[in-house]
file model37.cif (mmCIF, C-alpha atoms)
data_my_file
#
loop_
_atom_site.label_atom_id
_atom_site.label_comp_id
_atom_site.auth_asym_id
_atom_site.auth_seq_id
_atom_site.Cartn_x
_atom_site.Cartn_y
_atom_site.Cartn_z
CA MET B 1 11.74 -19.22 11.07
CA VAL B 2 11.66 -16.06 13.20
CA ILE B 3 9.51 -13.00 12.54
CA MET B 4 10.84 -9.75 13.93
CA SER B 5 8.42 -7.33 15.53
CA SER B 6 7.81 -4.09 13.67
CA LYS B 7 9.65 -2.19 16.41
CA THR B 8 12.90 -4.03 15.71
CA ILE B 9 12.90 -3.89 11.92
CA SER B 10 15.92 -1.98 10.66
CA GLU B 11 15.69 0.87 8.17
CA ASN B 12 17.77 -1.20 5.77
CA ILE B 13 15.25 -4.06 5.81
CA GLU B 14 12.36 -1.63 5.38
CA GLU B 15 14.06 -0.15 2.30
CA TYR B 16 14.39 -3.60 0.70
CA LEU B 17 10.77 -4.49 1.43
CA GLU B 18 9.58 -1.13 0.09
CA VAL B 19 11.31 -1.75 -3.27
CA LEU B 20 9.93 -5.30 -3.40
CA TYR B 21 6.42 -3.93 -2.86
CA LYS B 22 6.87 -1.27 -5.54
CA PHE B 23 8.08 -3.67 -8.23
CA GLY B 24 6.52 -7.01 -7.42
CA SER B 25 4.32 -7.24 -4.34
CA LYS B 26 3.22 -10.88 -3.85
CA THR B 27 2.68 -11.75 -7.49
CA ASP B 28 5.78 -10.81 -9.50
CA PHE B 29 9.37 -11.78 -8.78
CA VAL B 30 11.76 -8.85 -8.31
CA SER B 31 15.28 -9.54 -9.55
CA THR B 32 18.50 -8.81 -7.70
CA THR B 33 19.39 -6.52 -10.61
CA THR B 34 16.32 -4.35 -9.99
CA LEU B 35 17.02 -4.20 -6.27
CA SER B 36 20.67 -3.40 -6.87
CA LYS B 37 19.79 -0.54 -9.22
CA GLU B 38 17.06 0.93 -7.00
CA LEU B 39 19.04 0.72 -3.76
CA GLY B 40 22.51 1.44 -5.16
CA ILE B 41 23.90 -1.75 -3.61
CA ALA B 42 26.16 -4.35 -5.24
CA PRO B 43 24.31 -7.46 -6.53
CA GLY B 44 26.31 -9.77 -4.26
CA SER B 45 25.27 -7.81 -1.18
CA VAL B 46 21.65 -7.83 -2.37
CA THR B 47 21.72 -11.62 -2.67
CA GLN B 48 23.01 -11.96 0.89
CA MET B 49 20.25 -9.68 2.19
CA LEU B 50 17.58 -11.61 0.30
CA LYS B 51 18.71 -14.81 1.99
CA LYS B 52 18.46 -13.03 5.34
CA LEU B 53 14.99 -11.70 4.54
CA GLU B 54 13.85 -15.19 3.58
CA ASN B 55 15.16 -16.57 6.86
CA LEU B 56 13.23 -13.86 8.71
CA GLY B 57 10.04 -14.81 6.90
CA TYR B 58 9.56 -11.65 4.86
CA ILE B 59 10.15 -13.07 1.36
CA ASN B 60 10.37 -16.21 -0.72
CA TYR B 61 13.66 -16.17 -2.62
CA THR B 62 14.54 -18.17 -5.74
CA PRO B 63 18.13 -17.87 -7.06
CA TYR B 64 18.39 -16.44 -10.60
CA LYS B 65 14.72 -15.47 -10.44
CA GLY B 66 14.30 -13.08 -7.55
CA ALA B 67 12.08 -12.51 -4.53
CA LEU B 68 8.38 -12.41 -3.67
CA LEU B 69 6.92 -10.89 -0.53
CA THR B 70 5.23 -13.17 2.01
CA ASP B 71 2.13 -12.03 3.91
CA GLU B 72 4.37 -10.76 6.71
CA GLY B 73 6.61 -8.99 4.21
CA MET B 74 3.57 -7.40 2.61
CA LYS B 75 2.40 -6.11 5.98
CA VAL B 76 5.69 -4.34 6.67
CA SER B 77 6.22 -3.09 3.10
CA GLN B 78 2.70 -1.68 2.78
CA LYS B 79 3.10 0.17 6.06
CA VAL B 80 6.42 1.83 5.20
CA THR B 81 5.26 2.57 1.63
CA ARG B 82 2.10 4.18 2.99
CA LYS B 83 4.09 6.39 5.36
CA HIS B 84 6.49 7.41 2.60
CA ARG B 85 3.76 8.39 0.14
CA ILE B 86 1.65 10.23 2.74
CA LEU B 87 4.76 12.17 3.73
CA GLU B 88 5.34 13.05 0.09
CA ARG B 89 1.82 14.50 -0.08
CA PHE B 90 2.41 16.48 3.13
CA LEU B 91 5.79 17.80 2.02
CA LYS B 92 4.51 18.88 -1.39
CA ASP B 93 0.96 20.02 -0.64
CA VAL B 94 1.35 21.56 2.81
CA LEU B 95 5.00 22.51 3.25
CA LYS B 96 5.48 23.35 -0.46
CA ILE B 97 8.86 21.58 -0.60
CA LYS B 98 10.46 21.65 -4.05
CA GLU B 99 9.26 18.68 -6.07
CA GLU B 100 12.78 17.39 -6.72
CA ASN B 101 13.44 17.19 -2.95
CA VAL B 102 10.18 15.56 -1.84
CA HIS B 103 11.15 11.90 -2.37
CA THR B 104 14.52 12.17 -0.59
CA GLN B 105 13.06 13.96 2.41
CA ALA B 106 10.21 11.46 2.68
CA CYS B 107 12.78 8.62 2.65
CA GLU B 108 14.54 10.23 5.60
CA MET B 109 11.34 10.69 7.59
CA GLU B 110 9.33 7.52 6.88
CA HIS B 111 11.21 5.23 9.29
CA SER B 112 10.64 7.46 12.32
CA LEU B 113 7.03 8.48 11.63
CA SER B 114 4.83 7.00 14.34
CA ASP B 115 1.53 5.27 13.56
CA GLU B 116 -0.24 8.03 15.50
CA ALA B 117 1.38 10.77 13.40
CA GLU B 118 0.67 8.85 10.18
CA ARG B 119 -3.02 8.62 11.11
CA ALA B 120 -3.16 12.34 11.95
CA LEU B 121 -1.52 13.24 8.64
CA CYS B 122 -3.99 11.07 6.75
CA HIS B 123 -6.92 12.84 8.41
CA MET B 124 -5.42 16.29 7.80
CA LEU B 125 -4.77 15.53 4.12
CA ASP B 126 -8.34 14.17 3.72
CA HIS B 127 -7.33 10.55 3.08
CA PRO B 128 -5.22 10.87 -0.12
CA ASP B 129 -5.23 7.96 -2.56
CA VAL B 130 -2.06 8.66 -4.56
CA CYS B 131 1.31 10.30 -3.95
CA PRO B 132 2.58 13.27 -6.04
CA ASP B 133 3.98 10.79 -8.59
CA ASN B 134 0.51 9.21 -8.89
CA HIS B 135 1.51 5.97 -7.17
CA LEU B 136 -1.20 4.35 -5.06
CA ILE B 137 -1.06 4.95 -1.31
CA PRO B 138 -1.75 1.61 0.43
CA ALA B 139 -4.66 1.40 2.89
CA CYS B 140 -3.90 1.72 6.58
CA ASP B 141 -4.04 -1.43 8.71
CA PHE B 142 -6.52 -0.09 11.27
CA ASP B 143 -9.65 -2.22 11.49
CA PHE B 144 -12.23 0.23 10.14
CA TYR B 145 -14.56 -0.18 7.16
CA ASN B 146 -14.22 3.48 6.07
CA CYS B 147 -12.26 6.63 6.91
CA ASP B 148 -15.05 8.44 8.76
CA ALA B 149 -15.23 5.53 11.22
CA CYS B 150 -11.51 6.03 11.84
CA LYS B 151 -11.73 9.81 12.09
CA ASN B 152 -14.62 9.66 14.58
CA ASN B 153 -12.93 7.11 16.80
CA THR B 154 -11.49 8.73 19.93
CA GLU B 155 -9.65 5.72 21.37
CA ASP B 156 -5.92 5.87 21.93
CA ILE B 157 -4.10 4.37 18.97
CA GLU B 158 -2.90 1.44 21.08
CA GLU B 159 -6.53 0.44 21.64
CA ILE B 160 -7.54 0.45 17.97
CA GLY B 161 -7.76 -2.97 16.34
CA ILE B 162 -5.40 -3.95 13.53
CA ARG B 163 -6.46 -5.99 10.49
CA SER B 164 -4.98 -9.46 10.35
CA SER B 165 -4.92 -9.47 6.53
CA ASN B 166 -3.30 -7.24 3.94
CA LEU B 167 -5.73 -5.38 1.69
CA LEU B 168 -5.22 -4.37 -1.94
CA SER B 169 -7.09 -1.86 -4.06
CA ILE B 170 -9.49 -2.95 -6.80
CA SER B 171 -7.18 -1.10 -9.20
CA GLN B 172 -4.46 -3.63 -8.29
CA LEU B 173 -6.56 -6.62 -9.33
CA LYS B 174 -5.41 -8.53 -12.38
CA GLU B 175 -7.78 -9.78 -15.05
CA ASN B 176 -10.19 -12.47 -13.74
CA GLU B 177 -8.99 -12.13 -10.12
CA PHE B 178 -11.64 -12.16 -7.38
CA GLY B 179 -11.99 -10.22 -4.16
CA GLU B 180 -14.39 -9.19 -1.39
CA VAL B 181 -14.76 -5.49 -0.54
CA LEU B 182 -13.66 -4.86 3.06
CA PHE B 183 -12.67 -1.18 3.19
CA ILE B 184 -13.64 2.02 1.37
CA ARG B 185 -11.30 4.98 1.69
CA GLY B 186 -12.31 8.64 1.63
CA ASN B 187 -14.59 11.17 3.28
CA ALA B 188 -18.36 10.85 3.60
CA SER B 189 -18.91 12.27 0.10
CA SER B 190 -16.52 9.76 -1.50
CA PHE B 191 -18.06 6.91 0.47
CA ALA B 192 -21.56 7.91 -0.68
CA LYS B 193 -20.42 8.15 -4.30
CA ILE B 194 -19.05 4.62 -4.23
CA LEU B 195 -22.21 3.31 -2.57
CA SER B 196 -24.29 5.07 -5.25
CA ILE B 197 -22.79 2.90 -8.00
CA GLY B 198 -23.76 -0.23 -6.10
CA ILE B 199 -20.48 -1.14 -4.37
CA ALA B 200 -20.67 -1.84 -0.63
CA ILE B 201 -18.70 -3.60 2.09
CA GLY B 202 -18.97 -7.36 1.63
CA ASN B 203 -19.59 -7.29 -2.14
CA LYS B 204 -17.85 -9.94 -4.25
CA ILE B 205 -16.03 -8.56 -7.28
CA GLN B 206 -14.08 -9.89 -10.24
CA MET B 207 -11.84 -7.85 -12.52
CA ARG B 208 -12.83 -8.06 -16.18
CA SER B 209 -10.34 -5.56 -17.63
CA SER B 210 -7.20 -4.43 -15.82
CA ASP B 211 -5.36 -2.27 -18.34
CA ASN B 212 -4.04 0.51 -16.11
CA SER B 213 -3.38 2.71 -19.14
CA TYR B 214 -7.13 3.45 -19.17
CA ASP B 215 -9.04 5.66 -16.73
CA MET B 216 -11.99 3.26 -16.58
CA LEU B 217 -12.01 -0.35 -15.35
CA ASN B 218 -14.63 -3.04 -15.97
CA ILE B 219 -15.57 -5.22 -13.02
CA ASP B 220 -18.11 -7.94 -12.37
CA LEU B 221 -20.06 -6.94 -9.28
CA GLU B 222 -21.85 -10.07 -8.10
CA GLY B 223 -22.97 -10.94 -11.63
CA ASN B 224 -23.44 -7.39 -12.95
CA LEU B 225 -20.83 -5.87 -15.26
CA ILE B 226 -20.10 -2.26 -14.34
CA GLU B 227 -17.57 0.36 -15.41
CA ILE B 228 -15.75 2.24 -12.67
CA ASP B 229 -13.45 5.23 -12.76
CA LYS B 230 -9.91 4.27 -11.75
CA SER B 231 -9.75 7.14 -9.25
CA LEU B 232 -12.69 5.53 -7.43
CA ALA B 233 -11.26 2.03 -7.77
CA ASN B 234 -8.09 3.26 -6.02
CA ASN B 235 -10.18 3.74 -2.88
CA ILE B 236 -12.02 0.40 -2.78
CA TYR B 237 -10.06 -2.30 -0.98
CA PHE B 238 -10.54 -6.04 -1.05
CA LEU B 239 -9.19 -9.27 0.38
#

call {"tool": "encode", "arguments": {"input": "model37.cif", "output": "structure tokens"}}
result
Amino acid sequence: MVIMSSKTISENIEEYLEVLYKFGSKTDFVSTTTLSKELGIAPGSVTQMLKKLENLGYINYTPYKGALLTDEGMKVSQKVTRKHRILERFLKDVLKIKEENVHTQACEMEHSLSDEAERALCHMLDHPDVCPDNHLIPACDFDFYNCDACKNNTEDIEEIGIRSSNLLSISQLKENEFGEVLFIRGNASSFAKILSIGIAIGNKIQMRSSDNSYDMLNIDLEGNLIEIDKSLANNIYFL
């Protein structure tokens, strides 16, 4: 099995992985029908691409069931999804592009946006947590424990460490799933607010209620049951 470097991944492959992340991530199979509809590609062609993606190590594919992202597939899909959704925020909030044009223009720009430009946009936009459609913006893969540590780092981007593991937000936990807090997104004020409710880097957490139709989530924080606003949970990342 061969894994392509991020520099040689085609836009077509990135589009497939982005849809797989949106609809299934690593836990739910995404059908060829869903991919066909989202990408506007015939089901037969989708099936052929899924076999290729499996051979490249990005997905696990089961005929008549669909595809799941592997760890490597998650890494690529989170990165391109993050760039797309940050670009949507920039286009809407800063450039004031018409809302109906934001998604299409972000699609055209996401594949060529450098990691350096993505990081600069994130800092300028004050570390946004959701896109204009209220979809979660994945965490970056730079090896920092919070955003101020990233913002204050003056090293060239090539010298900044990259996390070896993919992080997910607490708000993405399913009922009874466990995790360890490794990254908290936001400015100093947001970081302090999260610390004030008792959540810190290294804490062990377990989701008690994961109904995303509610604004509040119940989590077990090392034996203590606490209620947390979903907007805060969006910015607390675990492994």

call {"tool": "atom_distance", "arguments": {"input": "model37.cif", "atom1": "atom CA of Ala117 of chain B", "atom2": "atom CA of Ser190 of chain B"}}
result
23.3 Å

call {"tool": "atom_distance", "arguments": {"input": "model37.cif", "atom1": "atom CA of Glu116 of chain B", "atom2": "atom CA of Asn187 of chain B"}}
result
19.1 Å

call {"tool": "atom_distance", "arguments": {"input": "model37.cif", "atom1": "atom CA of Glu18 of chain B", "atom2": "atom CA of Pro128 of chain B"}}
result
19.1 Å

call {"tool": "resolve_selection", "arguments": {"input": "model37.cif", "expression": "the PyMOL selection byres ((chain B and resi 73-84) around 6)", "output": "ChimeraX atom specification"}}
result
/B:17-18,58,69-72,85-87,106,110,137-138

call {"tool": "write_last_selection", "arguments": {"input": "model37.cif", "atoms": "C-alpha atoms", "output": "tab-separated table (two decimals), in the coordinates of the input"}}
result
chain	number	residue	atom	x	y	z
B	17	LEU	CA	10.77	-4.49	1.43
B	18	GLU	CA	9.58	-1.13	0.09
B	58	TYR	CA	9.56	-11.65	4.86
B	69	LEU	CA	6.92	-10.89	-0.53
B	70	THR	CA	5.23	-13.17	2.01
B	71	ASP	CA	2.13	-12.03	3.91
B	72	GLU	CA	4.37	-10.76	6.71
B	85	ARG	CA	3.76	8.39	0.14
B	86	ILE	CA	1.65	10.23	2.74
B	87	LEU	CA	4.76	12.17	3.73
B	106	ALA	CA	10.21	11.46	2.68
B	110	GLU	CA	9.33	7.52	6.88
B	137	ILE	CA	-1.06	4.95	-1.31
B	138	PRO	CA	-1.75	1.61	0.43

call {"tool": "residues_around", "arguments": {"input": "model37.cif", "residues": "Asp133 of chain B", "least_positions_apart": "4", "cutoff": "10 Å", "atoms": "only C-alpha atoms", "output": "list in words"}}
result
Arg85, Glu88, Arg89, Glu99 and His103 of chain B

call {"tool": "resolve_selection", "arguments": {"input": "model37.cif", "expression": "the PyMOL selection byres ((chain B and resi 39-54) around 12)", "output": "PyMOL selection string"}}
result
chain B and resi 1-4+9-10+12-20+30-38+55-70+72-73+107

call {"tool": "closest_residue", "arguments": {"input": "model37.cif", "among": "B:Gly186, B:Glu222, B:Asp156, B:Phe142", "to": "Leu125 of chain B", "atoms": "all atoms listed in the file"}}
result
B:Gly186

call {"tool": "axis_aligned_box", "arguments": {"input": "model37.cif", "around": "segment 86-96 of chain B", "padding_each_side": "4 Å", "output": "JSON"}}
result
{"center_x": 3.4, "center_y": 16.8, "center_z": 1.2, "size_x": 12.8, "size_y": 21.1, "size_z": 13.1}

call {"tool": "residues_around", "arguments": {"input": "model37.cif", "residues": "Asp148 of chain B", "least_positions_apart": "2", "cutoff": "12 Å", "atoms": "only C-alpha atoms", "output": "count of residues only"}}
result
22

call {"tool": "residues_around", "arguments": {"input": "model37.cif", "residues": "Ala200 of chain B", "least_positions_apart": "2", "cutoff": "10 Å", "atoms": "all atoms listed in the file", "output": "mmCIF file with C-alpha atoms, in the frame of the given file"}}
result
data_model
loop_
_atom_site.group_PDB
_atom_site.id
_atom_site.type_symbol
_atom_site.label_atom_id
_atom_site.label_comp_id
_atom_site.auth_asym_id
_atom_site.auth_seq_id
_atom_site.Cartn_x
_atom_site.Cartn_y
_atom_site.Cartn_z
ATOM 1 C CA GLU B 180 -14.390 -9.190 -1.390
ATOM 2 C CA VAL B 181 -14.760 -5.490 -0.540
ATOM 3 C CA LEU B 182 -13.660 -4.860 3.060
ATOM 4 C CA PHE B 183 -12.670 -1.180 3.190
ATOM 5 C CA ILE B 184 -13.640 2.020 1.370
ATOM 6 C CA PHE B 191 -18.060 6.910 0.470
ATOM 7 C CA ALA B 192 -21.560 7.910 -0.680
ATOM 8 C CA ILE B 194 -19.050 4.620 -4.230
ATOM 9 C CA LEU B 195 -22.210 3.310 -2.570
ATOM 10 C CA SER B 196 -24.290 5.070 -5.250
ATOM 11 C CA ILE B 197 -22.790 2.900 -8.000
ATOM 12 C CA GLY B 198 -23.760 -0.230 -6.100
ATOM 13 C CA GLY B 202 -18.970 -7.360 1.630
ATOM 14 C CA ASN B 203 -19.590 -7.290 -2.140
ATOM 15 C CA LYS B 204 -17.850 -9.940 -4.250
ATOM 16 C CA ILE B 236 -12.020 0.400 -2.780
#

call {"tool": "resolve_selection", "arguments": {"input": "model37.cif", "expression": "the PyMOL selection byres ((chain B and resi 173) around 10)", "output": "mmCIF file with C-alpha atoms, in the frame of the given file"}}
result
data_model
loop_
_atom_site.group_PDB
_atom_site.id
_atom_site.type_symbol
_atom_site.label_atom_id
_atom_site.label_comp_id
_atom_site.auth_asym_id
_atom_site.auth_seq_id
_atom_site.Cartn_x
_atom_site.Cartn_y
_atom_site.Cartn_z
ATOM 1 C CA LEU B 168 -5.220 -4.370 -1.940
ATOM 2 C CA SER B 169 -7.090 -1.860 -4.060
ATOM 3 C CA ILE B 170 -9.490 -2.950 -6.800
ATOM 4 C CA SER B 171 -7.180 -1.100 -9.200
ATOM 5 C CA GLN B 172 -4.460 -3.630 -8.290
ATOM 6 C CA LYS B 174 -5.410 -8.530 -12.380
ATOM 7 C CA GLU B 175 -7.780 -9.780 -15.050
ATOM 8 C CA ASN B 176 -10.190 -12.470 -13.740
ATOM 9 C CA GLU B 177 -8.990 -12.130 -10.120
ATOM 10 C CA PHE B 178 -11.640 -12.160 -7.380
ATOM 11 C CA GLY B 179 -11.990 -10.220 -4.160
ATOM 12 C CA ILE B 205 -16.030 -8.560 -7.280
ATOM 13 C CA GLN B 206 -14.080 -9.890 -10.240
ATOM 14 C CA MET B 207 -11.840 -7.850 -12.520
ATOM 15 C CA ARG B 208 -12.830 -8.060 -16.180
ATOM 16 C CA SER B 209 -10.340 -5.560 -17.630
ATOM 17 C CA SER B 210 -7.200 -4.430 -15.820
ATOM 18 C CA ILE B 219 -15.570 -5.220 -13.020
ATOM 19 C CA ALA B 233 -11.260 2.030 -7.770
ATOM 20 C CA PHE B 238 -10.540 -6.040 -1.050
#

call {"tool": "decode", "arguments": {"input": "model37.cif", "residues": "segment 172-209 of chain B", "atoms": "N, CA and C atoms", "output": "PDB file, in the first residue's frame"}}
result
ATOM      1  N   GLN B 172     -17.957  16.483  18.778  1.00  0.00           N
ATOM      2  CA  GLN B 172     -18.058  15.366  17.835  1.00  0.00           C
ATOM      3  C   GLN B 172     -18.071  14.009  18.541  1.00  0.00           C
ATOM      4  N   LEU B 173     -17.894  14.015  19.846  1.00  0.00           N
ATOM      5  CA  LEU B 173     -17.960  12.766  20.602  1.00  0.00           C
ATOM      6  C   LEU B 173     -19.366  12.181  20.565  1.00  0.00           C
ATOM      7  N   LYS B 174     -19.441  10.867  20.507  1.00  0.00           N
ATOM      8  CA  LYS B 174     -20.724  10.192  20.621  1.00  0.00           C
ATOM      9  C   LYS B 174     -20.916   9.737  22.067  1.00  0.00           C
ATOM     10  N   GLU B 175     -22.146   9.421  22.399  1.00  0.00           N
ATOM     11  CA  GLU B 175     -22.470   9.063  23.771  1.00  0.00           C
ATOM     12  C   GLU B 175     -21.580   7.938  24.285  1.00  0.00           C
ATOM     13  N   ASN B 176     -20.999   8.141  25.475  1.00  0.00           N
ATOM     14  CA  ASN B 176     -20.128   7.195  26.179  1.00  0.00           C
ATOM     15  C   ASN B 176     -18.714   7.094  25.599  1.00  0.00           C
ATOM     16  N   GLU B 177     -18.391   7.853  24.558  1.00  0.00           N
ATOM     17  CA  GLU B 177     -17.022   7.850  24.037  1.00  0.00           C
ATOM     18  C   GLU B 177     -16.102   8.628  24.970  1.00  0.00           C
ATOM     19  N   PHE B 178     -14.828   8.208  25.010  1.00  0.00           N
ATOM     20  CA  PHE B 178     -13.809   8.826  25.852  1.00  0.00           C
ATOM     21  C   PHE B 178     -12.832   9.644  25.012  1.00  0.00           C
ATOM     22  N   GLY B 179     -12.136  10.551  25.674  1.00  0.00           N
ATOM     23  CA  GLY B 179     -11.073  11.288  25.017  1.00  0.00           C
ATOM     24  C   GLY B 179     -10.194  11.999  26.027  1.00  0.00           C
ATOM     25  N   GLU B 180      -9.017  12.442  25.579  1.00  0.00           N
ATOM     26  CA  GLU B 180      -8.107  13.238  26.408  1.00  0.00           C
ATOM     27  C   GLU B 180      -7.895  14.581  25.736  1.00  0.00           C
ATOM     28  N   VAL B 181      -8.104  15.668  26.471  1.00  0.00           N
ATOM     29  CA  VAL B 181      -7.988  17.013  25.920  1.00  0.00           C
ATOM     30  C   VAL B 181      -6.527  17.316  25.566  1.00  0.00           C
ATOM     31  N   LEU B 182      -6.292  17.673  24.282  1.00  0.00           N
ATOM     32  CA  LEU B 182      -4.937  17.965  23.833  1.00  0.00           C
ATOM     33  C   LEU B 182      -4.773  19.354  23.235  1.00  0.00           C
ATOM     34  N   PHE B 183      -5.896  20.011  22.893  1.00  0.00           N
ATOM     35  CA  PHE B 183      -5.801  21.324  22.248  1.00  0.00           C
ATOM     36  C   PHE B 183      -7.052  22.132  22.557  1.00  0.00           C
ATOM     37  N   ILE B 184      -6.865  23.417  22.867  1.00  0.00           N
ATOM     38  CA  ILE B 184      -7.988  24.324  23.110  1.00  0.00           C
ATOM     39  C   ILE B 184      -7.856  25.506  22.155  1.00  0.00           C
ATOM     40  N   ARG B 185      -8.865  25.686  21.326  1.00  0.00           N
ATOM     41  CA  ARG B 185      -8.822  26.732  20.301  1.00  0.00           C
ATOM     42  C   ARG B 185      -9.384  28.051  20.845  1.00  0.00           C
ATOM     43  N   GLY B 186      -8.870  29.152  20.313  1.00  0.00           N
ATOM     44  CA  GLY B 186      -9.415  30.462  20.672  1.00  0.00           C
ATOM     45  C   GLY B 186      -8.363  31.407  21.212  1.00  0.00           C
ATOM     46  N   ASN B 187      -8.782  32.656  21.441  1.00  0.00           N
ATOM     47  CA  ASN B 187      -7.864  33.646  21.984  1.00  0.00           C
ATOM     48  C   ASN B 187      -7.700  33.454  23.494  1.00  0.00           C
ATOM     49  N   ALA B 188      -6.936  34.339  24.110  1.00  0.00           N
ATOM     50  CA  ALA B 188      -6.649  34.197  25.540  1.00  0.00           C
ATOM     51  C   ALA B 188      -7.919  34.214  26.384  1.00  0.00           C
ATOM     52  N   SER B 189      -8.899  35.030  25.989  1.00  0.00           N
ATOM     53  CA  SER B 189     -10.152  35.125  26.731  1.00  0.00           C
ATOM     54  C   SER B 189     -10.925  33.808  26.660  1.00  0.00           C
ATOM     55  N   SER B 190     -10.993  33.210  25.466  1.00  0.00           N
ATOM     56  CA  SER B 190     -11.693  31.936  25.302  1.00  0.00           C
ATOM     57  C   SER B 190     -10.997  30.830  26.081  1.00  0.00           C
ATOM     58  N   PHE B 191      -9.670  30.838  26.021  1.00  0.00           N
ATOM     59  CA  PHE B 191      -8.878  29.837  26.727  1.00  0.00           C
ATOM     60  C   PHE B 191      -9.136  29.923  28.234  1.00  0.00           C
ATOM     61  N   ALA B 192      -9.159  31.158  28.751  1.00  0.00           N
ATOM     62  CA  ALA B 192      -9.392  31.358  30.183  1.00  0.00           C
ATOM     63  C   ALA B 192     -10.800  30.918  30.578  1.00  0.00           C
ATOM     64  N   LYS B 193     -11.772  31.150  29.704  1.00  0.00           N
ATOM     65  CA  LYS B 193     -13.153  30.767  30.002  1.00  0.00           C
ATOM     66  C   LYS B 193     -13.284  29.251  30.115  1.00  0.00           C
ATOM     67  N   ILE B 194     -12.598  28.543  29.232  1.00  0.00           N
ATOM     68  CA  ILE B 194     -12.647  27.082  29.273  1.00  0.00           C
ATOM     69  C   ILE B 194     -11.929  26.560  30.516  1.00  0.00           C
ATOM     70  N   LEU B 195     -10.803  27.162  30.847  1.00  0.00           N
ATOM     71  CA  LEU B 195     -10.090  26.762  32.067  1.00  0.00           C
ATOM     72  C   LEU B 195     -10.937  27.017  33.309  1.00  0.00           C
ATOM     73  N   SER B 196     -11.752  28.091  33.272  1.00  0.00           N
ATOM     74  CA  SER B 196     -12.545  28.472  34.449  1.00  0.00           C
ATOM     75  C   SER B 196     -13.625  27.457  34.785  1.00  0.00           C
ATOM     76  N   ILE B 197     -14.036  26.641  33.807  1.00  0.00           N
ATOM     77  CA  ILE B 197     -15.046  25.615  34.099  1.00  0.00           C
ATOM     78  C   ILE B 197     -14.395  24.276  34.438  1.00  0.00           C
ATOM     79  N   GLY B 198     -13.066  24.296  34.559  1.00  0.00           N
ATOM     80  CA  GLY B 198     -12.368  23.112  35.044  1.00  0.00           C
ATOM     81  C   GLY B 198     -11.757  22.226  33.989  1.00  0.00           C
ATOM     82  N   ILE B 199     -11.818  22.642  32.709  1.00  0.00           N
ATOM     83  CA  ILE B 199     -11.264  21.812  31.636  1.00  0.00           C
ATOM     84  C   ILE B 199      -9.879  22.324  31.271  1.00  0.00           C
ATOM     85  N   ALA B 200      -8.898  21.413  31.262  1.00  0.00           N
ATOM     86  CA  ALA B 200      -7.519  21.780  30.960  1.00  0.00           C
ATOM     87  C   ALA B 200      -6.879  20.706  30.092  1.00  0.00           C
ATOM     88  N   ILE B 201      -5.751  21.055  29.486  1.00  0.00           N
ATOM     89  CA  ILE B 201      -4.995  20.104  28.670  1.00  0.00           C
ATOM     90  C   ILE B 201      -4.646  18.884  29.528  1.00  0.00           C
ATOM     91  N   GLY B 202      -4.900  17.702  28.976  1.00  0.00           N
ATOM     92  CA  GLY B 202      -4.590  16.459  29.676  1.00  0.00           C
ATOM     93  C   GLY B 202      -5.764  15.838  30.407  1.00  0.00           C
ATOM     94  N   ASN B 203      -6.863  16.601  30.570  1.00  0.00           N
ATOM     95  CA  ASN B 203      -8.055  16.054  31.235  1.00  0.00           C
ATOM     96  C   ASN B 203      -8.648  14.890  30.452  1.00  0.00           C
ATOM     97  N   LYS B 204      -9.172  13.896  31.184  1.00  0.00           N
ATOM     98  CA  LYS B 204      -9.904  12.787  30.571  1.00  0.00           C
ATOM     99  C   LYS B 204     -11.398  13.121  30.612  1.00  0.00           C
ATOM    100  N   ILE B 205     -12.062  12.918  29.480  1.00  0.00           N
ATOM    101  CA  ILE B 205     -13.481  13.247  29.393  1.00  0.00           C
ATOM    102  C   ILE B 205     -14.268  12.083  28.808  1.00  0.00           C
ATOM    103  N   GLN B 206     -15.554  12.044  29.130  1.00  0.00           N
ATOM    104  CA  GLN B 206     -16.464  11.069  28.534  1.00  0.00           C
ATOM    105  C   GLN B 206     -17.781  11.784  28.240  1.00  0.00           C
ATOM    106  N   MET B 207     -18.293  11.582  27.030  1.00  0.00           N
ATOM    107  CA  MET B 207     -19.558  12.197  26.658  1.00  0.00           C
ATOM    108  C   MET B 207     -20.713  11.455  27.324  1.00  0.00           C
ATOM    109  N   ARG B 208     -21.598  12.203  27.968  1.00  0.00           N
ATOM    110  CA  ARG B 208     -22.781  11.614  28.581  1.00  0.00           C
ATOM    111  C   ARG B 208     -24.020  11.828  27.726  1.00  0.00           C
ATOM    112  N   SER B 209     -24.140  13.007  27.110  1.00  0.00           N
ATOM    113  CA  SER B 209     -25.233  13.257  26.173  1.00  0.00           C
ATOM    114  C   SER B 209     -24.657  13.928  24.936  1.00  0.00           C
TER     115      SER B 209
END
